[in-house]
Amino acid sequence: MPAVKMTVNGKKVSGNVEGRTLLVQFLREHLGLTGTHVGCDTSQCGACTVHVNGRAMKSCTLLALHVEGAEVLTIEGLATGDKLHPMQEAFREHHALQCGFCTPGMVMSAIGIVNDHKELDEKTIRHQLEGNICRCTGYHNIVEAIGAAHKTMRG
């Protein structure tokens, strides 16, 4: 089996994987980082979203070997000690989570949205969230949280 090396949440990691091992499988099964969820296996729900070299990507469609040498950030790598990332804090403050299954991927996607847009309005946020499914909410609080975090993160 080939070896794969990458940096995950600031820590260099490696492992032997089959060529067909998905990044989400590597994170969950090899590294024990279970915050990245498998929801659909078809890139439709966004529960598996992580950042690869600073870009939000769905880890259920990436082979682990394709991110050789990359910087990967998962939901577990966002907080600094007891201090939540501004997006996590906004989700908490705005009650933007229900059952929590979609939340890690939603937060990771939301950070990508903020990073990619200097200006954000509700319509843009809703459009950008189309690749993430939450079955518990009507998205209102999620949209509010992203808007609030945008203000904090963009100053």
# chains A, B, ... in the order shown; residues from 1 in each chain; ligands from 1
>>> residues_around(residues="Arg20 of chain A", least_positions_apart="2", cutoff="12 Å", atoms="only C-alpha atoms", output="NGL selection string")
:A and (1-2 or 16-18 or 22-26 or 60-66)
>>> select_by_dssp(residues="chain A", states="helix (DSSP H, G or I)", output="PyMOL selection string")
chain A and resi 23-30+64-67+75-77+86-93+103-116+122-131+140-154
>>> residues_around(residues="segment 53-58 of chain A", least_positions_apart="3", cutoff="9 Å", atoms="only C-alpha atoms", output="number ranges by chain")
A: 23-24, 43, 46-50, 61-62, 70-73, 105, 108-113, 115
>>> write_last_selection(atoms="C-alpha atoms", output="PDB file, in the first residue's frame")
ATOM      1  CA  LEU A  23      -9.669  11.709   2.430  1.00  0.00           C
ATOM      2  CA  VAL A  24     -12.713  11.483   4.700  1.00  0.00           C
ATOM      3  CA  SER A  43     -20.701  15.176  -2.673  1.00  0.00           C
ATOM      4  CA  GLY A  46     -21.365  18.893   2.512  1.00  0.00           C
ATOM      5  CA  ALA A  47     -21.063  17.107   5.877  1.00  0.00           C
ATOM      6  CA  CYS A  48     -17.525  16.070   4.924  1.00  0.00           C
ATOM      7  CA  THR A  49     -16.226  19.567   4.136  1.00  0.00           C
ATOM      8  CA  VAL A  50     -12.658  20.330   5.219  1.00  0.00           C
ATOM      9  CA  THR A  61     -14.670  13.045  -3.312  1.00  0.00           C
ATOM     10  CA  LEU A  62     -10.930  13.453  -2.737  1.00  0.00           C
ATOM     11  CA  ALA A  70      -1.216  19.337   1.497  1.00  0.00           C
ATOM     12  CA  GLU A  71      -2.325  21.335   4.526  1.00  0.00           C
ATOM     13  CA  VAL A  72      -5.667  19.969   5.732  1.00  0.00           C
ATOM     14  CA  LEU A  73      -7.828  21.708   8.321  1.00  0.00           C
ATOM     15  CA  GLY A 105     -19.181  20.667   7.387  1.00  0.00           C
ATOM     16  CA  MET A 108     -16.046  24.670   7.389  1.00  0.00           C
ATOM     17  CA  SER A 109     -18.028  25.707   4.296  1.00  0.00           C
ATOM     18  CA  ALA A 110     -19.095  28.935   5.994  1.00  0.00           C
ATOM     19  CA  ILE A 111     -15.475  29.871   6.714  1.00  0.00           C
ATOM     20  CA  GLY A 112     -14.720  29.274   3.046  1.00  0.00           C
ATOM     21  CA  ILE A 113     -17.624  31.530   2.077  1.00  0.00           C
ATOM     22  CA  ASN A 115     -12.797  33.906   3.057  1.00  0.00           C
TER      23      ASN A 115
END
>>> residues_around(residues="Lys11 of chain A", least_positions_apart="3", cutoff="12 Å", atoms="only C-alpha atoms", output="PyMOL selection string")
chain A and resi 5-8+14+31+69-74+76-77
>>> write_last_selection(atoms="N, CA and C atoms", output="PDB file, in the first residue's frame")
ATOM      1  N   LYS A   5       1.452  11.386   3.026  1.00  0.00           N
ATOM      2  CA  LYS A   5       1.883  12.331   4.048  1.00  0.00           C
ATOM      3  C   LYS A   5       1.185  13.659   3.808  1.00  0.00           C
ATOM      4  N   MET A   6       0.760  14.282   4.884  1.00  0.00           N
ATOM      5  CA  MET A   6       0.128  15.597   4.807  1.00  0.00           C
ATOM      6  C   MET A   6       0.203  16.236   6.181  1.00  0.00           C
ATOM      7  N   THR A   7      -0.182  17.482   6.270  1.00  0.00           N
ATOM      8  CA  THR A   7      -0.272  18.165   7.551  1.00  0.00           C
ATOM      9  C   THR A   7      -1.752  18.345   7.851  1.00  0.00           C
ATOM     10  N   VAL A   8      -2.188  17.831   8.986  1.00  0.00           N
ATOM     11  CA  VAL A   8      -3.588  17.925   9.375  1.00  0.00           C
ATOM     12  C   VAL A   8      -3.664  18.695  10.684  1.00  0.00           C
ATOM     13  N   SER A  14       1.122  10.764   8.575  1.00  0.00           N
ATOM     14  CA  SER A  14       1.332   9.875   7.436  1.00  0.00           C
ATOM     15  C   SER A  14       0.621   8.570   7.722  1.00  0.00           C
ATOM     16  N   LEU A  31      -6.829   8.598  11.379  1.00  0.00           N
ATOM     17  CA  LEU A  31      -6.410   9.633  12.322  1.00  0.00           C
ATOM     18  C   LEU A  31      -7.378   9.824  13.492  1.00  0.00           C
ATOM     19  N   GLY A  69       1.091  15.897   0.733  1.00  0.00           N
ATOM     20  CA  GLY A  69       1.837  17.114   1.029  1.00  0.00           C
ATOM     21  C   GLY A  69       0.981  18.336   1.333  1.00  0.00           C
ATOM     22  N   ALA A  70      -0.317  18.197   1.305  1.00  0.00           N
ATOM     23  CA  ALA A  70      -1.216  19.337   1.497  1.00  0.00           C
ATOM     24  C   ALA A  70      -1.385  19.682   2.976  1.00  0.00           C
ATOM     25  N   GLU A  71      -1.902  20.880   3.199  1.00  0.00           N
ATOM     26  CA  GLU A  71      -2.325  21.335   4.526  1.00  0.00           C
ATOM     27  C   GLU A  71      -3.825  21.096   4.605  1.00  0.00           C
ATOM     28  N   VAL A  72      -4.253  20.280   5.565  1.00  0.00           N
ATOM     29  CA  VAL A  72      -5.667  19.969   5.732  1.00  0.00           C
ATOM     30  C   VAL A  72      -6.115  20.505   7.083  1.00  0.00           C
ATOM     31  N   LEU A  73      -7.247  21.188   7.082  1.00  0.00           N
ATOM     32  CA  LEU A  73      -7.828  21.708   8.321  1.00  0.00           C
ATOM     33  C   LEU A  73      -9.206  21.102   8.488  1.00  0.00           C
ATOM     34  N   THR A  74      -9.440  20.490   9.640  1.00  0.00           N
ATOM     35  CA  THR A  74     -10.738  19.915   9.956  1.00  0.00           C
ATOM     36  C   THR A  74     -11.378  20.720  11.083  1.00  0.00           C
ATOM     37  N   GLU A  76     -11.833  19.919  13.993  1.00  0.00           N
ATOM     38  CA  GLU A  76     -11.081  19.755  15.241  1.00  0.00           C
ATOM     39  C   GLU A  76      -9.922  20.745  15.355  1.00  0.00           C
ATOM     40  N   GLY A  77      -9.501  21.297  14.237  1.00  0.00           N
ATOM     41  CA  GLY A  77      -8.363  22.208  14.244  1.00  0.00           C
ATOM     42  C   GLY A  77      -8.728  23.687  14.310  1.00  0.00           C
TER      43      GLY A  77
END
>>> atom_distance(atom1="atom CA of Met87 of chain A", atom2="atom CA of His30 of chain A")
27.0 Å
>>> closest_atom_pairs(of="segment 28-124 of chain A", to="segment 134-142 of chain A", cutoff="10 Å", atoms="only C-alpha atoms", output="CSV")
residue,atom,partner,partner_atom,distance
A:Cys45,CA,A:Cys134,CA,7.9
A:Gly46,CA,A:Cys134,CA,9.2
A:Ala47,CA,A:Cys134,CA,9.0
A:Ala90,CA,A:Ile142,CA,8.9
A:Phe91,CA,A:Ile142,CA,6.8
A:Arg92,CA,A:Ile142,CA,9.9
A:Glu93,CA,A:Asn141,CA,9.6
A:His94,CA,A:Asn141,CA,5.9
A:His95,CA,A:Asn141,CA,6.2
A:Ala96,CA,A:Ile142,CA,4.6
A:Leu97,CA,A:Ile142,CA,7.5
A:Gln98,CA,A:Cys136,CA,6.1
A:Cys99,CA,A:Cys136,CA,7.0
A:Gly100,CA,A:Cys136,CA,9.1
A:Phe101,CA,A:Cys134,CA,8.3
A:Cys102,CA,A:Cys134,CA,5.9
A:Thr103,CA,A:Cys134,CA,8.2
A:Met106,CA,A:Cys134,CA,8.4
A:Val107,CA,A:Ile142,CA,9.1
A:Ala110,CA,A:Ile142,CA,9.0
A:Glu122,CA,A:His140,CA,9.4
>>> write_last_selection(atoms="N, CA and C atoms", output="CSV table (one decimal), in the first residue's frame")
chain,number,residue,atom,x,y,z
A,45,CYS,N,-24.1,16.6,0.2
A,45,CYS,CA,-24.6,17.2,1.5
A,45,CYS,C,-23.6,18.1,2.2
A,46,GLY,N,-22.3,18.0,1.9
A,46,GLY,CA,-21.4,18.9,2.5
A,46,GLY,C,-20.9,18.6,3.9
A,47,ALA,N,-21.4,17.5,4.5
A,47,ALA,CA,-21.1,17.1,5.9
A,47,ALA,C,-19.6,16.8,6.0
A,90,ALA,N,-20.1,32.2,16.4
A,90,ALA,CA,-21.4,32.7,15.8
A,90,ALA,C,-22.4,31.7,15.6
A,91,PHE,N,-22.1,30.4,15.3
A,91,PHE,CA,-23.1,29.4,15.2
A,91,PHE,C,-23.7,29.1,16.6
A,92,ARG,N,-22.9,29.2,17.7
A,92,ARG,CA,-23.4,29.0,19.0
A,92,ARG,C,-24.3,30.1,19.4
A,93,GLU,N,-23.8,31.4,19.2
A,93,GLU,CA,-24.6,32.5,19.6
A,93,GLU,C,-25.9,32.7,18.8
A,94,HIS,N,-26.0,32.2,17.6
A,94,HIS,CA,-27.2,32.4,16.8
A,94,HIS,C,-28.0,31.1,16.7
A,95,HIS,N,-27.7,30.2,17.5
A,95,HIS,CA,-28.5,28.9,17.6
A,95,HIS,C,-28.6,28.3,16.2
A,96,ALA,N,-27.4,28.2,15.5
A,96,ALA,CA,-27.4,27.7,14.1
A,96,ALA,C,-27.1,26.2,14.0
A,97,LEU,N,-27.4,25.5,15.1
A,97,LEU,CA,-27.2,24.1,15.0
A,97,LEU,C,-28.3,23.4,15.7
A,98,GLN,N,-28.7,22.3,15.2
A,98,GLN,CA,-29.8,21.5,15.7
A,98,GLN,C,-29.2,20.1,16.2
A,99,CYS,N,-29.3,19.1,15.4
A,99,CYS,CA,-28.8,17.8,15.8
A,99,CYS,C,-27.3,17.8,15.7
A,100,GLY,N,-26.6,18.6,15.0
A,100,GLY,CA,-25.2,18.7,14.9
A,100,GLY,C,-24.5,17.9,13.8
A,101,PHE,N,-25.2,17.1,13.1
A,101,PHE,CA,-24.6,16.2,12.1
A,101,PHE,C,-24.0,17.0,11.0
A,102,CYS,N,-24.7,18.0,10.5
A,102,CYS,CA,-24.2,18.8,9.4
A,102,CYS,C,-23.2,19.9,9.9
A,103,THR,N,-23.3,20.2,11.1
A,103,THR,CA,-22.6,21.4,11.7
A,103,THR,C,-21.1,21.5,11.3
A,106,MET,N,-20.8,22.4,7.7
A,106,MET,CA,-21.5,23.7,7.5
A,106,MET,C,-20.5,24.8,8.0
A,107,VAL,N,-19.9,24.6,9.1
A,107,VAL,CA,-18.9,25.6,9.7
A,107,VAL,C,-17.7,25.7,8.7
A,110,ALA,N,-18.8,27.5,5.7
A,110,ALA,CA,-19.1,28.9,6.0
A,110,ALA,C,-17.8,29.7,6.1
A,122,GLU,N,-27.5,38.2,2.5
A,122,GLU,CA,-28.3,37.0,2.7
A,122,GLU,C,-28.4,36.2,1.4
>>> closest_residue(among="A:Ala3, A:Cys40, A:Val13, A:Leu78", to="Gly131 of chain A", atoms="only C-alpha atoms")
A:Cys40
>>> select_by_dssp(residues="chain A", states="strand (DSSP E)", output="list in words")
Ala3, Val4, Lys5, Met6, Thr7, Val8, Lys11, Lys12, Val13, Ser14, Gly15, Asn16, Thr49, Val50, His51, Val52, Arg55, Ala56, Met57, Lys58, Glu71, Val72 and Leu73 of chain A
>>> write_last_selection(atoms="C-alpha atoms", output="compact mmCIF listing (two decimals), in the first residue's frame")
# COMPACT_ATOMS: atom_id res chain seq x y z
CA ALA A 3 2.12 5.91 1.97
CA VAL A 4 0.51 9.33 2.17
CA LYS A 5 1.88 12.33 4.05
CA MET A 6 0.13 15.60 4.81
CA THR A 7 -0.27 18.16 7.55
CA VAL A 8 -3.59 17.93 9.37
CA LYS A 11 0.49 18.33 12.68
CA LYS A 12 2.46 16.27 10.16
CA VAL A 13 0.81 12.88 9.66
CA SER A 14 1.33 9.87 7.44
CA GLY A 15 -0.20 6.50 6.83
CA ASN A 16 -0.38 3.60 4.45
CA THR A 49 -16.23 19.57 4.14
CA VAL A 50 -12.66 20.33 5.22
CA HIS A 51 -10.10 22.87 4.05
CA VAL A 52 -7.28 21.72 1.78
CA ARG A 55 -9.93 26.01 0.24
CA ALA A 56 -13.17 24.41 1.41
CA MET A 57 -13.47 21.00 -0.26
CA LYS A 58 -15.65 17.93 0.13
CA GLU A 71 -2.32 21.33 4.53
CA VAL A 72 -5.67 19.97 5.73
CA LEU A 73 -7.83 21.71 8.32
>>> residues_around(residues="Arg154 of chain A", least_positions_apart="5", cutoff="12 Å", atoms="only C-alpha atoms", output="list in words")
Pro86, Met87, Ile111, Ile113, Val114, Asn115, Asp116, His117, Lys118, Glu119, Leu120, Ile146, Gly147, Ala148 and Ala149 of chain A
>>> write_last_selection(atoms="N, CA and C atoms", output="short mmCIF file (atom, residue, chain, number, x, y, z; two decimals), in the first residue's frame")
data_model
loop_
_atom_site.label_atom_id
_atom_site.label_comp_id
_atom_site.auth_asym_id
_atom_site.auth_seq_id
_atom_site.Cartn_x
_atom_site.Cartn_y
_atom_site.Cartn_z
N PRO A 86 -14.20 32.24 15.41
CA PRO A 86 -15.33 33.16 15.30
C PRO A 86 -16.57 32.54 14.63
N MET A 87 -16.38 31.65 13.66
CA MET A 87 -17.54 31.02 13.02
C MET A 87 -18.22 30.06 13.99
N ILE A 111 -16.77 29.18 6.66
CA ILE A 111 -15.47 29.87 6.71
C ILE A 111 -14.96 30.10 5.30
N ILE A 113 -16.79 30.48 2.65
CA ILE A 113 -17.62 31.53 2.08
C ILE A 113 -17.11 32.90 2.50
N VAL A 114 -16.85 33.05 3.79
CA VAL A 114 -16.35 34.33 4.30
C VAL A 114 -14.99 34.66 3.71
N ASN A 115 -14.13 33.67 3.62
CA ASN A 115 -12.80 33.91 3.06
C ASN A 115 -12.85 34.32 1.59
N ASP A 116 -13.86 33.83 0.87
CA ASP A 116 -13.97 34.10 -0.56
C ASP A 116 -14.74 35.37 -0.91
N HIS A 117 -15.40 36.00 0.07
CA HIS A 117 -16.26 37.15 -0.22
C HIS A 117 -15.98 38.31 0.72
N LYS A 118 -15.55 39.42 0.15
CA LYS A 118 -15.34 40.63 0.96
C LYS A 118 -16.67 41.18 1.44
N GLU A 119 -17.68 41.10 0.59
CA GLU A 119 -19.03 41.56 0.92
C GLU A 119 -19.96 40.35 0.88
N LEU A 120 -20.87 40.29 1.85
CA LEU A 120 -21.83 39.18 1.89
C LEU A 120 -23.21 39.71 2.25
N ILE A 146 -23.52 33.12 9.80
CA ILE A 146 -22.47 33.39 8.81
C ILE A 146 -22.32 34.89 8.61
N GLY A 147 -23.43 35.61 8.55
CA GLY A 147 -23.37 37.06 8.42
C GLY A 147 -22.67 37.72 9.59
N ALA A 148 -22.96 37.24 10.80
CA ALA A 148 -22.32 37.79 12.00
C ALA A 148 -20.83 37.46 12.02
N ALA A 149 -20.49 36.23 11.67
CA ALA A 149 -19.08 35.84 11.66
C ALA A 149 -18.32 36.61 10.59
#
>>> atom_distance(atom1="atom CA of Ile133 of chain A", atom2="atom CA of Gln44 of chain A")
7.7 Å
